[in-house]
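See below for run_6.pdb, which holds PDB, C-alpha atoms and all ligand atoms.
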```pdb
ATOM      1  CA  MET V 469     103.319 137.086 -30.446
ATOM      2  CA  ARG V 470     103.470 140.636 -29.154
ATOM      3  CA  THR V 471      99.694 140.739 -28.885
ATOM      4  CA  ALA V 472      99.671 137.427 -27.027
ATOM      5  CA  ILE V 473     102.184 138.756 -24.527
ATOM      6  CA  LYS V 474     100.173 141.934 -24.122
ATOM      7  CA  HIS V 475      97.011 139.963 -23.452
ATOM      8  CA  ALA V 476      98.819 137.785 -20.917
ATOM      9  CA  ASN V 477     100.107 140.894 -19.190
ATOM     10  CA  ARG V 478      96.636 142.353 -19.091
ATOM     11  CA  ARG V 479      95.217 139.224 -17.465
ATOM     12  CA  PHE V 480      98.069 139.315 -14.975
ATOM     13  CA  LEU V 481      97.421 142.977 -14.245
ATOM     14  CA  ARG V 482      93.720 142.374 -13.907
ATOM     15  CA  ALA V 483      94.355 139.634 -11.337
ATOM     16  CA  ALA V 484      96.566 141.974  -9.361
ATOM     17  CA  ILE V 485      94.003 144.747  -9.425
ATOM     18  CA  VAL V 486      91.297 142.406  -8.168
ATOM     19  CA  LEU V 487      93.562 141.601  -5.273
ATOM     20  CA  ILE V 488      94.747 145.077  -4.418
ATOM     21  CA  ALA V 489      91.866 147.288  -5.387
ATOM     22  CA  GLY V 490      88.933 144.904  -5.364
ATOM     23  CA  PRO V 491      86.599 143.609  -8.039
ATOM     24  CA  GLY V 492      84.920 146.976  -8.524
ATOM     25  CA  PHE V 493      87.840 148.048 -10.676
ATOM     26  CA  ALA V 494      88.284 144.880 -12.681
ATOM     27  CA  ALA V 495      84.571 144.647 -13.415
ATOM     28  CA  CYS V 496      84.849 147.719 -15.625
ATOM     29  CA  PRO V 497      84.819 146.696 -19.288
ATOM     30  CA  ALA V 498      87.485 149.279 -20.169
ATOM     31  CA  ILE V 499      90.218 146.910 -19.020
ATOM     32  CA  ALA V 500      89.149 144.216 -21.455
ATOM     33  CA  SER V 501      88.884 146.456 -24.522
ATOM     34  CA  SER V 502      92.272 148.037 -24.903
ATOM     35  CA  GLN V 503      92.449 151.566 -26.241
ATOM     36  CA  PRO V 504      96.169 152.200 -26.687
ATOM     37  CA  ALA V 505      95.715 155.898 -27.361
ATOM     38  CA  ALA V 506      93.961 156.623 -24.052
ATOM     39  CA  LEU V 507      95.983 157.410 -20.936
ATOM     40  CA  PRO V 508      95.647 154.897 -18.092
ATOM     41  CA  PHE V 509      95.004 157.813 -15.717
ATOM     42  CA  GLU V 510      93.276 161.183 -15.727
ATOM     43  CA  LEU V 511      95.755 164.033 -15.544
ATOM     44  CA  THR V 512      94.525 167.262 -13.908
ATOM     45  CA  MET V 513      96.384 170.461 -13.107
ATOM     46  CA  ILE V 514      95.099 171.129  -9.579
ATOM     47  CA  ALA V 515      97.335 174.175  -9.011
ATOM     48  CA  PRO V 516     100.056 175.847 -11.113
ATOM     49  CA  GLY V 517     102.651 173.143 -11.720
ATOM     50  CA  VAL V 518     100.896 170.610  -9.487
ATOM     51  CA  TYR V 519      99.191 167.659 -11.196
ATOM     52  CA  SER V 520      97.166 164.680 -10.060
ATOM     53  CA  ALA V 521      97.095 161.462 -12.090
ATOM     54  CA  ILE V 522      93.934 159.672 -11.017
ATOM     55  CA  ASP V 523      93.736 155.976 -11.880
ATOM     56  CA  GLY V 524      91.838 155.657 -15.118
ATOM     57  CA  PRO V 525      88.844 153.601 -16.140
ATOM     58  CA  GLY V 526      89.338 149.956 -15.252
ATOM     59  CA  GLY V 527      92.075 150.622 -12.714
ATOM     60  CA  LYS V 528      94.773 150.309 -15.371
ATOM     61  CA  SER V 529      97.370 152.245 -13.375
ATOM     62  CA  GLY V 530      96.571 150.443 -10.112
ATOM     63  CA  SER V 531      96.557 153.607  -7.964
ATOM     64  CA  ASN V 532      96.738 157.379  -8.113
ATOM     65  CA  ALA V 533      99.946 159.384  -8.523
ATOM     66  CA  GLY V 534     100.901 162.992  -9.174
ATOM     67  CA  PHE V 535     103.778 165.378  -9.647
ATOM     68  CA  VAL V 536     105.061 168.834  -8.783
ATOM     69  CA  ILE V 537     107.032 170.979 -11.230
ATOM     70  CA  GLY V 538     109.459 173.307  -9.448
ATOM     71  CA  ASP V 539     112.042 175.810 -10.687
ATOM     72  CA  ASP V 540     114.749 173.287 -11.359
ATOM     73  CA  GLY V 541     113.095 169.904 -11.447
ATOM     74  CA  VAL V 542     110.100 167.673 -10.966
ATOM     75  CA  LEU V 543     109.032 165.595  -7.959
ATOM     76  CA  VAL V 544     106.696 162.657  -8.606
ATOM     77  CA  VAL V 545     104.465 161.161  -5.915
ATOM     78  CA  ASP V 546     104.034 157.376  -6.296
ATOM     79  CA  SER V 547     104.735 155.364  -9.421
ATOM     80  CA  PHE V 548     101.615 153.201 -10.007
ATOM     81  CA  PHE V 549     101.370 149.403 -10.207
ATOM     82  CA  ASP V 550     101.898 149.172 -13.946
ATOM     83  CA  PRO V 551     105.263 150.386 -15.328
ATOM     84  CA  GLU V 552     103.506 151.122 -18.647
ATOM     85  CA  ALA V 553     101.433 153.723 -16.776
ATOM     86  CA  THR V 554     104.644 155.138 -15.274
ATOM     87  CA  ARG V 555     106.117 155.502 -18.760
ATOM     88  CA  ALA V 556     102.926 157.267 -19.860
ATOM     89  CA  LEU V 557     103.246 159.623 -16.859
ATOM     90  CA  ILE V 558     106.842 160.457 -17.779
ATOM     91  CA  ALA V 559     105.714 161.164 -21.349
ATOM     92  CA  GLU V 560     103.055 163.571 -20.031
ATOM     93  CA  ILE V 561     105.630 165.318 -17.810
ATOM     94  CA  ARG V 562     107.893 165.676 -20.844
ATOM     95  CA  LYS V 563     105.093 167.456 -22.738
ATOM     96  CA  LEU V 564     104.879 170.015 -19.895
ATOM     97  CA  THR V 565     108.509 170.651 -18.984
ATOM     98  CA  PRO V 566     112.063 169.738 -20.013
ATOM     99  CA  LYS V 567     113.203 169.949 -16.351
ATOM    100  CA  PRO V 568     114.711 166.771 -14.898
ATOM    101  CA  ILE V 569     112.584 164.374 -12.853
ATOM    102  CA  ARG V 570     114.655 164.567  -9.682
ATOM    103  CA  TYR V 571     112.612 162.677  -7.109
ATOM    104  CA  VAL V 572     109.818 160.194  -6.605
ATOM    105  CA  VAL V 573     108.279 159.937  -3.153
ATOM    106  CA  ASN V 574     106.654 156.593  -2.307
ATOM    107  CA  THR V 575     103.762 157.185   0.078
ATOM    108  CA  HIS V 576     104.143 153.556   1.270
ATOM    109  CA  TYR V 577     105.505 150.189   0.133
ATOM    110  CA  HIS V 578     102.450 148.604  -1.552
ATOM    111  CA  ILE V 579     103.206 147.456  -5.101
ATOM    112  CA  ASP V 580     100.349 149.499  -6.555
ATOM    113  CA  HIS V 581     102.332 152.624  -5.525
ATOM    114  CA  VAL V 582     105.940 151.533  -6.141
ATOM    115  CA  GLY V 583     105.525 149.342  -9.235
ATOM    116  CA  GLY V 584     107.080 151.922 -11.571
ATOM    117  CA  ASP V 585     109.954 153.087  -9.333
ATOM    118  CA  ALA V 586     112.559 151.357 -11.511
ATOM    119  CA  VAL V 587     111.313 153.258 -14.560
ATOM    120  CA  LEU V 588     111.653 156.561 -12.706
ATOM    121  CA  GLN V 589     115.094 155.627 -11.370
ATOM    122  CA  GLN V 590     116.171 154.912 -14.941
ATOM    123  CA  ALA V 591     114.849 158.357 -15.848
ATOM    124  CA  GLY V 592     117.200 159.810 -13.209
ATOM    125  CA  ALA V 593     114.953 160.129 -10.157
ATOM    126  CA  VAL V 594     115.991 159.490  -6.568
ATOM    127  CA  VAL V 595     113.368 157.354  -4.808
ATOM    128  CA  ILE V 596     112.425 158.714  -1.374
ATOM    129  CA  ALA V 597     110.487 156.539   1.072
ATOM    130  CA  HIS V 598     109.841 155.962   4.747
ATOM    131  CA  ARG V 599     112.712 154.162   6.446
ATOM    132  CA  ASN V 600     110.642 150.967   6.859
ATOM    133  CA  VAL V 601     109.738 150.756   3.176
ATOM    134  CA  ARG V 602     113.146 149.561   1.980
ATOM    135  CA  GLY V 603     112.859 146.443   4.133
ATOM    136  CA  TRP V 604     109.276 145.735   3.086
ATOM    137  CA  VAL V 605     109.162 146.282  -0.702
ATOM    138  CA  ARG V 606     110.367 142.782  -1.586
ATOM    139  CA  THR V 607     108.906 140.917   1.409
ATOM    140  CA  GLU V 608     105.664 142.436   2.642
ATOM    141  CA  ASN V 609     104.416 142.823  -0.938
ATOM    142  CA  LEU V 610     104.399 139.006  -1.112
ATOM    143  CA  HIS V 611     102.268 138.882   2.027
ATOM    144  CA  LEU V 612      99.828 141.311   0.406
ATOM    145  CA  PHE V 613      98.820 138.622  -2.087
ATOM    146  CA  GLY V 614      98.646 135.775   0.432
ATOM    147  CA  ASP V 615      98.593 132.253  -0.965
ATOM    148  CA  ARG V 616      96.998 133.475  -4.192
ATOM    149  CA  ILE V 617     100.290 134.919  -5.417
ATOM    150  CA  THR V 618     101.386 133.666  -8.841
ATOM    151  CA  PRO V 619     104.984 132.696  -9.702
ATOM    152  CA  ALA V 620     105.103 135.655 -12.097
ATOM    153  CA  MET V 621     104.078 138.060  -9.327
ATOM    154  CA  LYS V 622     106.648 136.541  -6.958
ATOM    155  CA  ASP V 623     109.344 137.254  -9.545
ATOM    156  CA  ARG V 624     108.052 140.756 -10.029
ATOM    157  CA  VAL V 625     108.073 141.536  -6.291
ATOM    158  CA  ALA V 626     111.607 140.102  -5.960
ATOM    159  CA  ALA V 627     112.813 142.504  -8.660
ATOM    160  CA  LEU V 628     111.080 145.671  -7.391
ATOM    161  CA  ALA V 629     113.355 148.695  -7.107
ATOM    162  CA  LEU V 630     114.394 149.735  -3.601
ATOM    163  CA  PRO V 631     114.275 153.337  -2.367
ATOM    164  CA  ASP V 632     117.512 155.355  -2.496
ATOM    165  CA  LEU V 633     116.807 157.768   0.344
ATOM    166  CA  THR V 634     114.877 156.745   3.441
ATOM    167  CA  THR V 635     113.662 158.712   6.427
ATOM    168  CA  ASP V 636     111.712 158.334   9.637
ATOM    169  CA  LYS V 637     111.487 162.117   9.995
ATOM    170  CA  ASP V 638     109.808 164.880   8.051
ATOM    171  CA  LEU V 639     111.774 166.195   5.070
ATOM    172  CA  THR V 640     111.722 169.428   3.131
ATOM    173  CA  VAL V 641     112.580 169.022  -0.535
ATOM    174  CA  TRP V 642     113.449 172.205  -2.420
ATOM    175  CA  LEU V 643     112.780 172.335  -6.133
ATOM    176  CA  GLY V 644     114.620 175.638  -6.564
ATOM    177  CA  GLN V 645     112.396 178.113  -4.696
ATOM    178  CA  ARG V 646     109.465 175.696  -4.524
ATOM    179  CA  LYS V 647     109.049 173.939  -1.220
ATOM    180  CA  VAL V 648     107.682 170.414  -0.954
ATOM    181  CA  VAL V 649     107.134 168.971   2.519
ATOM    182  CA  VAL V 650     107.294 165.210   3.066
ATOM    183  CA  ARG V 651     105.740 164.192   6.383
ATOM    184  CA  THR V 652     105.674 160.882   8.226
ATOM    185  CA  VAL V 653     102.169 159.868   9.269
ATOM    186  CA  HIS V 654     100.615 156.836  10.935
ATOM    187  CA  GLY V 655      97.829 154.384  10.326
ATOM    188  CA  HIS V 656      97.906 152.677   6.936
ATOM    189  CA  THR V 657     101.107 150.566   6.925
ATOM    190  CA  GLY V 658     103.601 151.700   9.568
ATOM    191  CA  GLY V 659     105.682 153.408   6.876
ATOM    192  CA  ASP V 660     103.489 156.139   5.464
ATOM    193  CA  LEU V 661     104.401 159.545   4.017
ATOM    194  CA  VAL V 662     102.210 162.404   2.841
ATOM    195  CA  VAL V 663     103.528 165.100   0.511
ATOM    196  CA  SER V 664     102.351 168.692   0.618
ATOM    197  CA  VAL V 665     102.969 171.663  -1.578
ATOM    198  CA  PRO V 666     102.343 174.625   0.768
ATOM    199  CA  ASP V 667     102.334 177.323  -1.935
ATOM    200  CA  ALA V 668      99.532 175.485  -3.736
ATOM    201  CA  ASP V 669      97.513 174.083  -0.803
ATOM    202  CA  VAL V 670      97.797 170.550  -2.168
ATOM    203  CA  VAL V 671      98.413 167.376  -0.150
ATOM    204  CA  PHE V 672      99.176 164.023  -1.773
ATOM    205  CA  CYS V 673      97.921 161.555   0.835
ATOM    206  CA  GLY V 674      98.667 158.122  -0.621
ATOM    207  CA  ASP V 675      96.498 155.417   0.944
ATOM    208  CA  ILE V 676      96.049 157.350   4.168
ATOM    209  CA  VAL V 677      92.994 158.644   2.265
ATOM    210  CA  TRP V 678      90.563 156.683   0.074
ATOM    211  CA  ARG V 679      87.835 158.764  -1.548
ATOM    212  CA  HIS V 680      84.609 156.803  -1.711
ATOM    213  CA  VAL V 681      86.595 153.595  -2.229
ATOM    214  CA  SER V 682      86.615 150.952   0.520
ATOM    215  CA  PRO V 683      90.130 150.774   1.946
ATOM    216  CA  ASN V 684      92.587 147.910   2.128
ATOM    217  CA  ILE V 685      93.413 147.798   5.847
ATOM    218  CA  ILE V 686      95.565 144.654   5.767
ATOM    219  CA  ASP V 687      98.489 146.531   7.394
ATOM    220  CA  GLY V 688      96.460 149.237   9.089
ATOM    221  CA  THR V 689      95.998 150.350  12.661
ATOM    222  CA  VAL V 690      92.578 151.946  12.472
ATOM    223  CA  ALA V 691      92.793 153.695  15.859
ATOM    224  CA  THR V 692      95.752 155.860  14.775
ATOM    225  CA  TRP V 693      94.616 156.029  11.153
ATOM    226  CA  ILE V 694      91.387 157.831  12.127
ATOM    227  CA  GLN V 695      93.397 160.418  14.072
ATOM    228  CA  THR V 696      95.711 161.021  11.094
ATOM    229  CA  VAL V 697      92.824 161.524   8.672
ATOM    230  CA  ARG V 698      90.938 163.821  11.064
ATOM    231  CA  GLY V 699      94.154 165.798  11.633
ATOM    232  CA  LEU V 700      94.807 166.225   7.897
ATOM    233  CA  GLY V 701      91.211 167.258   7.278
ATOM    234  CA  SER V 702      90.926 169.797  10.078
ATOM    235  CA  GLY V 703      94.069 171.962   9.915
ATOM    236  CA  PRO V 704      93.788 175.736   9.455
ATOM    237  CA  GLN V 705      94.247 175.401   5.674
ATOM    238  CA  ALA V 706      92.077 172.273   5.257
ATOM    239  CA  ALA V 707      89.008 174.008   3.815
ATOM    240  CA  GLN V 708      91.028 175.422   0.911
ATOM    241  CA  THR V 709      93.276 172.387   0.451
ATOM    242  CA  THR V 710      93.034 169.905  -2.402
ATOM    243  CA  PHE V 711      93.779 166.367  -1.259
ATOM    244  CA  VAL V 712      94.923 163.675  -3.685
ATOM    245  CA  PRO V 713      93.967 160.282  -2.244
ATOM    246  CA  GLY V 714      95.653 156.962  -3.023
ATOM    247  CA  HIS V 715      92.445 155.657  -4.606
ATOM    248  CA  GLY V 716      89.355 157.496  -5.827
ATOM    249  CA  GLY V 717      89.001 160.996  -7.234
ATOM    250  CA  ILE V 718      90.441 164.325  -6.042
ATOM    251  CA  ALA V 719      89.236 164.979  -2.493
ATOM    252  CA  THR V 720      88.196 167.823  -0.197
ATOM    253  CA  ALA V 721      88.237 168.107   3.602
ATOM    254  CA  LYS V 722      84.644 166.809   3.531
ATOM    255  CA  ASP V 723      85.815 163.653   1.745
ATOM    256  CA  LEU V 724      88.459 163.154   4.440
ATOM    257  CA  ALA V 725      85.772 163.492   7.111
ATOM    258  CA  ASP V 726      83.658 160.924   5.232
ATOM    259  CA  PHE V 727      86.589 158.517   5.127
ATOM    260  CA  ALA V 728      87.323 158.962   8.847
ATOM    261  CA  ASP V 729      83.607 158.330   9.481
ATOM    262  CA  TYR V 730      83.870 155.096   7.472
ATOM    263  CA  LEU V 731      86.720 153.902   9.688
ATOM    264  CA  ASP V 732      84.878 155.081  12.822
ATOM    265  CA  ASP V 733      81.731 153.191  11.755
ATOM    266  CA  LEU V 734      83.752 150.074  10.990
ATOM    267  CA  ARG V 735      85.277 150.172  14.465
ATOM    268  CA  ALA V 736      81.970 150.861  16.228
ATOM    269  CA  ILE V 737      80.146 148.093  14.352
ATOM    270  CA  VAL V 738      82.836 145.515  15.124
ATOM    271  CA  ARG V 739      82.995 146.668  18.735
ATOM    272  CA  SER V 740      79.270 146.076  19.214
ATOM    273  CA  ALA V 741      79.485 142.651  17.520
ATOM    274  CA  HIS V 742      82.354 141.800  19.901
ATOM    275  CA  ALA V 743      80.190 142.868  22.819
ATOM    276  CA  LYS V 744      77.630 140.277  21.709
ATOM    277  CA  GLY V 745      80.343 137.633  21.839
ATOM    278  CA  LEU V 746      80.616 137.269  18.061
ATOM    279  CA  SER V 747      83.800 136.443  16.168
ATOM    280  CA  GLY V 748      84.993 135.082  12.802
ATOM    281  CA  ASP V 749      82.345 134.325  10.149
ATOM    282  CA  ALA V 750      79.492 134.988  12.579
ATOM    283  CA  LEU V 751      80.844 138.477  13.282
ATOM    284  CA  VAL V 752      81.167 139.259   9.569
ATOM    285  CA  GLN V 753      77.660 137.982   8.886
ATOM    286  CA  ALA V 754      76.179 140.013  11.734
ATOM    287  CA  ALA V 755      78.108 143.205  10.939
ATOM    288  CA  MET V 756      77.771 143.353   7.136
ATOM    289  CA  PRO V 757      74.171 144.673   6.965
ATOM    290  CA  GLU V 758      74.895 147.806   9.025
ATOM    291  CA  LEU V 759      78.198 148.549   7.281
ATOM    292  CA  THR V 760      76.431 148.023   3.933
ATOM    293  CA  ARG V 761      73.615 150.359   4.938
ATOM    294  CA  LYS V 762      76.133 153.084   5.780
ATOM    295  CA  HIS V 763      78.792 152.638   3.102
ATOM    296  CA  GLY V 764      77.630 149.934   0.687
ATOM    297  CA  ASP V 765      77.833 152.351  -2.257
ATOM    298  CA  TRP V 766      81.610 152.796  -1.911
ATOM    299  CA  THR V 767      83.670 151.336  -4.758
ATOM    300  CA  ALA V 768      85.075 147.841  -4.088
ATOM    301  CA  PHE V 769      82.921 147.581  -0.939
ATOM    302  CA  ALA V 770      81.810 143.997  -1.635
ATOM    303  CA  HIS V 771      85.435 142.869  -1.877
ATOM    304  CA  PHE V 772      87.005 144.807   0.976
ATOM    305  CA  ALA V 773      84.237 145.131   3.610
ATOM    306  CA  PRO V 774      84.339 141.498   4.861
ATOM    307  CA  LEU V 775      88.139 141.687   5.048
ATOM    308  CA  GLU V 776      87.954 145.017   6.882
ATOM    309  CA  LEU V 777      85.611 143.500   9.482
ATOM    310  CA  ARG V 778      88.055 140.653  10.177
ATOM    311  CA  PHE V 779      91.104 142.945  10.361
ATOM    312  CA  MET V 780      89.200 145.343  12.629
ATOM    313  CA  ALA V 781      88.212 142.465  14.912
ATOM    314  CA  ASP V 782      91.867 141.403  15.104
ATOM    315  CA  GLU V 783      92.933 144.946  15.995
ATOM    316  CA  LEU V 784      90.324 145.253  18.757
ATOM    317  CA  ALA V 785      91.362 141.844  20.106
ATOM    318  CA  GLY V 786      95.034 142.926  20.126
ATOM    319  CA  ARG V 787      96.117 140.271  17.619
ATOM    320  CA  LYS V 788      96.348 142.290  14.387
ATOM    321  CA  ARG V 789      99.371 141.440  12.269
ATOM    322  CA  THR V 790     101.153 144.565  11.050
ATOM    323  CA  PRO V 791     104.500 144.819   9.201
ATOM    324  CA  GLN V 792     107.408 145.145  11.605
ATOM    325  CA  PRO V 793     110.482 147.322  10.979
ATOM    326  CA  VAL V 794     113.504 145.329   9.851
ATOM    327  CA  GLY V 795     117.167 146.229  10.399
ATOM    328  CA  GLU V 796     119.031 148.104   7.700
TER     329      GLU V 796
HETATM  330 ZN    ZN P 801      97.006 151.614  -2.885
END
```
If you convert what's in this file into structure tokens, what do you get?
Amino acid sequence: MRTAIKHANRRFLRAAIVLIAGPGFAACPAIASSQPAALPFELTMIAPGVYSAIDGPGGKSGSNAGFVIGDDGVLVVDSFFDPEATRALIAEIRKLTPKPIRYVVNTHYHIDHVGGDAVLQQAGAVVIAHRNVRGWVRTENLHLFGDRITPAMKDRVAALALPDLTTDKDLTVWLGQRKVVVRTVHGHTGGDLVVSVPDADVVFCGDIVWRHVSPNIIDGTVATWIQTVRGLGSGPQAAQTTFVPGHGGIATAKDLADFADYLDDLRAIVRSAHAKGLSGDALVQAAMPELTRKHGDWTAFAHFAPLELRFMADELAGRKRTPQPVGE
């Protein structure tokens, strides 16, 4: 019975990953052959007390996460899609430090980054998010799946934990003497935060940055997104900074430039198709070869690229749907 439930969960998870991250992840055989001993993410110490947890083979965690160990506590960045991965992350933190897990910062509302918030709240953490996220966690996450959402996923979204502390301004979180800076940024959802650890030159970017993975721009405003990515990748410290993206491996300033170029190319290609009077399927058909020539080797490209072209066309035409702030 337990095995049957586990298998059902895995199918359910796999369906979600296809939707959120694209088929490139689900195509990996690792998700079908379960290896209970292996972590669903790759844990790396990128600076003293600063760790990235990069989504493991097969996209089992659903996204990247990470954590910062300070003098008197731990701050986690994002909580994955799969609560089992969140529990595994907590277990890894417990091997490194007995200090309490005081905070989790959600970089945005998407379920692949907030799916384990309840587990962290139960472990004692305060969930910090952008002010808009609280109103979107249980509503906009439904929209993310469109009409392909299953009843089980609807129930799961309805029960997602809500953030405890919300902000539309930058925050400084002190872990004893260790400073963590939470900044509001623009482009991916309308409720995005990035988290930096100045003493370690590390920035957790959430889905503002995708490293060699085609992005999900369903909620994005590409025009401002490009500026945010270029800004992050060109500051005075950028060359020595380690960036943890929302999807894909640990990134450098060069990877951020590559991602901004991807978005720039997407916009330029759609703009020129518009200029030829193309729209809808005809636009996608005409634009795919050039986008494929430039970025066809990015993970999940086949799944996301046609969607990106349509969303980009909507943005250029001034009819892009983006999540709107709701009252508190
Ligand atoms: Zn994501």
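Residue membership of the PyMOL selection byres (((chain V and resi 742) around 12) and not hetatm) in the shown file amounts to Arg735, Ala736, Ile737, Val738, Arg739, Ser740, Ala741, Ala743, Lys744, Gly745, Leu746, Ser747, Gly748, Ala750, Leu751, Val752, Ala754, Ala755, Leu777, Arg778, Met780, Ala781, Asp782, Glu783, Leu784 and Ala785 of chain V.
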Original post:
Hey, can you check how far CA of Ala719 (chain V) sits from CA of Pro551 (chain V)?
Top reply: 25.2 Å
Original post:
Which residues sit within 12 Å of ligand ZN 801 (chain P), counting only C-alpha atoms and all ligand atoms, listed as a count of residues only?
Top reply: 51
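Restricting the calculation to all atoms listed in the file, the smallest distance between Lys637 (chain V) and any of V:Lys567, V:Lys722, V:Arg599, V:Lys528 is found for V:Arg599.
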Subject >> For Ala626 (chain V): contacts at 9 Å, all atoms listed in the file, fewer than 2 positions along chain excluded, given as number ranges by chain >> reply: V: 605-607, 610, 621-624, 628-629
Around region 789-795 of chain V, fit a box with edges along x, y and z, padding it by 6 Å on each side, then list its centre and edge lengths in Å to one decimal as AutoDock Vina command-line options.
```
--center_x 108.3 --center_y 144.4 --center_z 10.7 --size_x 29.8 --size_y 17.9 --size_z 15.1
```
**OP:** Fewer than 6 positions away in the same chain doesn't count, so skip those; otherwise give me all residues within 10 Å of Ala728 (chain V), counting all atoms listed in the file, as JSON, numbers by chain.
**Re:** {"V": [677, 678, 690, 693, 694, 695, 696, 697, 698, 701, 722, 734]}
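Here CA of Gly655 (chain V) is placed at a distance of 5.0 Å from CA of Thr689 (chain V).
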Can you spell out as a PDB file with C-alpha atoms, keeping the file's coordinate frame the set of residues that the PyMOL selection byres (((chain V and resi 558) around 12) and not hetatm) selects in the structure I just provided?
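What follows is the written file selection_14.pdb:
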```pdb
ATOM      1  CA  LEU V 507      95.983 157.410 -20.936  1.00  0.00           C
ATOM      2  CA  LEU V 511      95.755 164.033 -15.544  1.00  0.00           C
ATOM      3  CA  ALA V 521      97.095 161.462 -12.090  1.00  0.00           C
ATOM      4  CA  ALA V 533      99.946 159.384  -8.523  1.00  0.00           C
ATOM      5  CA  GLY V 534     100.901 162.992  -9.174  1.00  0.00           C
ATOM      6  CA  PHE V 535     103.778 165.378  -9.647  1.00  0.00           C
ATOM      7  CA  VAL V 542     110.100 167.673 -10.966  1.00  0.00           C
ATOM      8  CA  LEU V 543     109.032 165.595  -7.959  1.00  0.00           C
ATOM      9  CA  VAL V 544     106.696 162.657  -8.606  1.00  0.00           C
ATOM     10  CA  SER V 547     104.735 155.364  -9.421  1.00  0.00           C
ATOM     11  CA  PHE V 548     101.615 153.201 -10.007  1.00  0.00           C
ATOM     12  CA  PRO V 551     105.263 150.386 -15.328  1.00  0.00           C
ATOM     13  CA  GLU V 552     103.506 151.122 -18.647  1.00  0.00           C
ATOM     14  CA  ALA V 553     101.433 153.723 -16.776  1.00  0.00           C
ATOM     15  CA  THR V 554     104.644 155.138 -15.274  1.00  0.00           C
ATOM     16  CA  ARG V 555     106.117 155.502 -18.760  1.00  0.00           C
ATOM     17  CA  ALA V 556     102.926 157.267 -19.860  1.00  0.00           C
ATOM     18  CA  LEU V 557     103.246 159.623 -16.859  1.00  0.00           C
ATOM     19  CA  ALA V 559     105.714 161.164 -21.349  1.00  0.00           C
ATOM     20  CA  GLU V 560     103.055 163.571 -20.031  1.00  0.00           C
ATOM     21  CA  ILE V 561     105.630 165.318 -17.810  1.00  0.00           C
ATOM     22  CA  ARG V 562     107.893 165.676 -20.844  1.00  0.00           C
ATOM     23  CA  LYS V 563     105.093 167.456 -22.738  1.00  0.00           C
ATOM     24  CA  LEU V 564     104.879 170.015 -19.895  1.00  0.00           C
ATOM     25  CA  THR V 565     108.509 170.651 -18.984  1.00  0.00           C
ATOM     26  CA  PRO V 566     112.063 169.738 -20.013  1.00  0.00           C
ATOM     27  CA  LYS V 567     113.203 169.949 -16.351  1.00  0.00           C
ATOM     28  CA  PRO V 568     114.711 166.771 -14.898  1.00  0.00           C
ATOM     29  CA  ILE V 569     112.584 164.374 -12.853  1.00  0.00           C
ATOM     30  CA  ARG V 570     114.655 164.567  -9.682  1.00  0.00           C
ATOM     31  CA  VAL V 572     109.818 160.194  -6.605  1.00  0.00           C
ATOM     32  CA  GLY V 584     107.080 151.922 -11.571  1.00  0.00           C
ATOM     33  CA  ASP V 585     109.954 153.087  -9.333  1.00  0.00           C
ATOM     34  CA  VAL V 587     111.313 153.258 -14.560  1.00  0.00           C
ATOM     35  CA  LEU V 588     111.653 156.561 -12.706  1.00  0.00           C
ATOM     36  CA  GLN V 589     115.094 155.627 -11.370  1.00  0.00           C
ATOM     37  CA  GLN V 590     116.171 154.912 -14.941  1.00  0.00           C
ATOM     38  CA  ALA V 591     114.849 158.357 -15.848  1.00  0.00           C
ATOM     39  CA  GLY V 592     117.200 159.810 -13.209  1.00  0.00           C
ATOM     40  CA  ALA V 593     114.953 160.129 -10.157  1.00  0.00           C
TER      41      ALA V 593
END
```
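Taking CA of Gln753 (chain V) as the reference point, CA of His611 (chain V) is found at 25.6 Å.
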Running the PyMOL selection byres (((chain V and resi 669) around 9) and not hetatm) on this model by hand, what would come out? Give it as a compact mmCIF listing (two decimals) with C-alpha atoms, keeping the file's coordinate frame.
```
# COMPACT_ATOMS: atom_id res chain seq x y z
CA ALA V 515 97.34 174.18 -9.01
CA SER V 664 102.35 168.69 0.62
CA VAL V 665 102.97 171.66 -1.58
CA PRO V 666 102.34 174.62 0.77
CA ASP V 667 102.33 177.32 -1.94
CA ALA V 668 99.53 175.48 -3.74
CA VAL V 670 97.80 170.55 -2.17
CA VAL V 671 98.41 167.38 -0.15
CA GLN V 705 94.25 175.40 5.67
CA ALA V 706 92.08 172.27 5.26
CA GLN V 708 91.03 175.42 0.91
CA THR V 709 93.28 172.39 0.45
CA THR V 710 93.03 169.90 -2.40
CA PHE V 711 93.78 166.37 -1.26
```
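The closest residue to Leu759 (chain V), picked from V:Gly795, V:Trp642, V:Asp539, V:Tyr730 and counting only C-alpha atoms, is V:Tyr730.
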Original post:
Quick one: residues within 9 Å of Thr760 (chain V), only C-alpha atoms counted, chain neighbours fewer than 3 positions away excluded, as a VMD selection string?
Top reply: chain V and resid 755 to 757 763 to 765 769 to 770 773
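Among the candidates V:Tyr571, V:Tyr519, V:Phe613, V:Phe727, the residue lying nearest to Pro631 (chain V) is V:Tyr571 (atoms considered: only C-alpha atoms).
Comparing V:Asp749, V:Val573, V:Val601, V:His680 by their smallest distance to Thr767 (chain V), the closest is V:His680 (using all atoms listed in the file).
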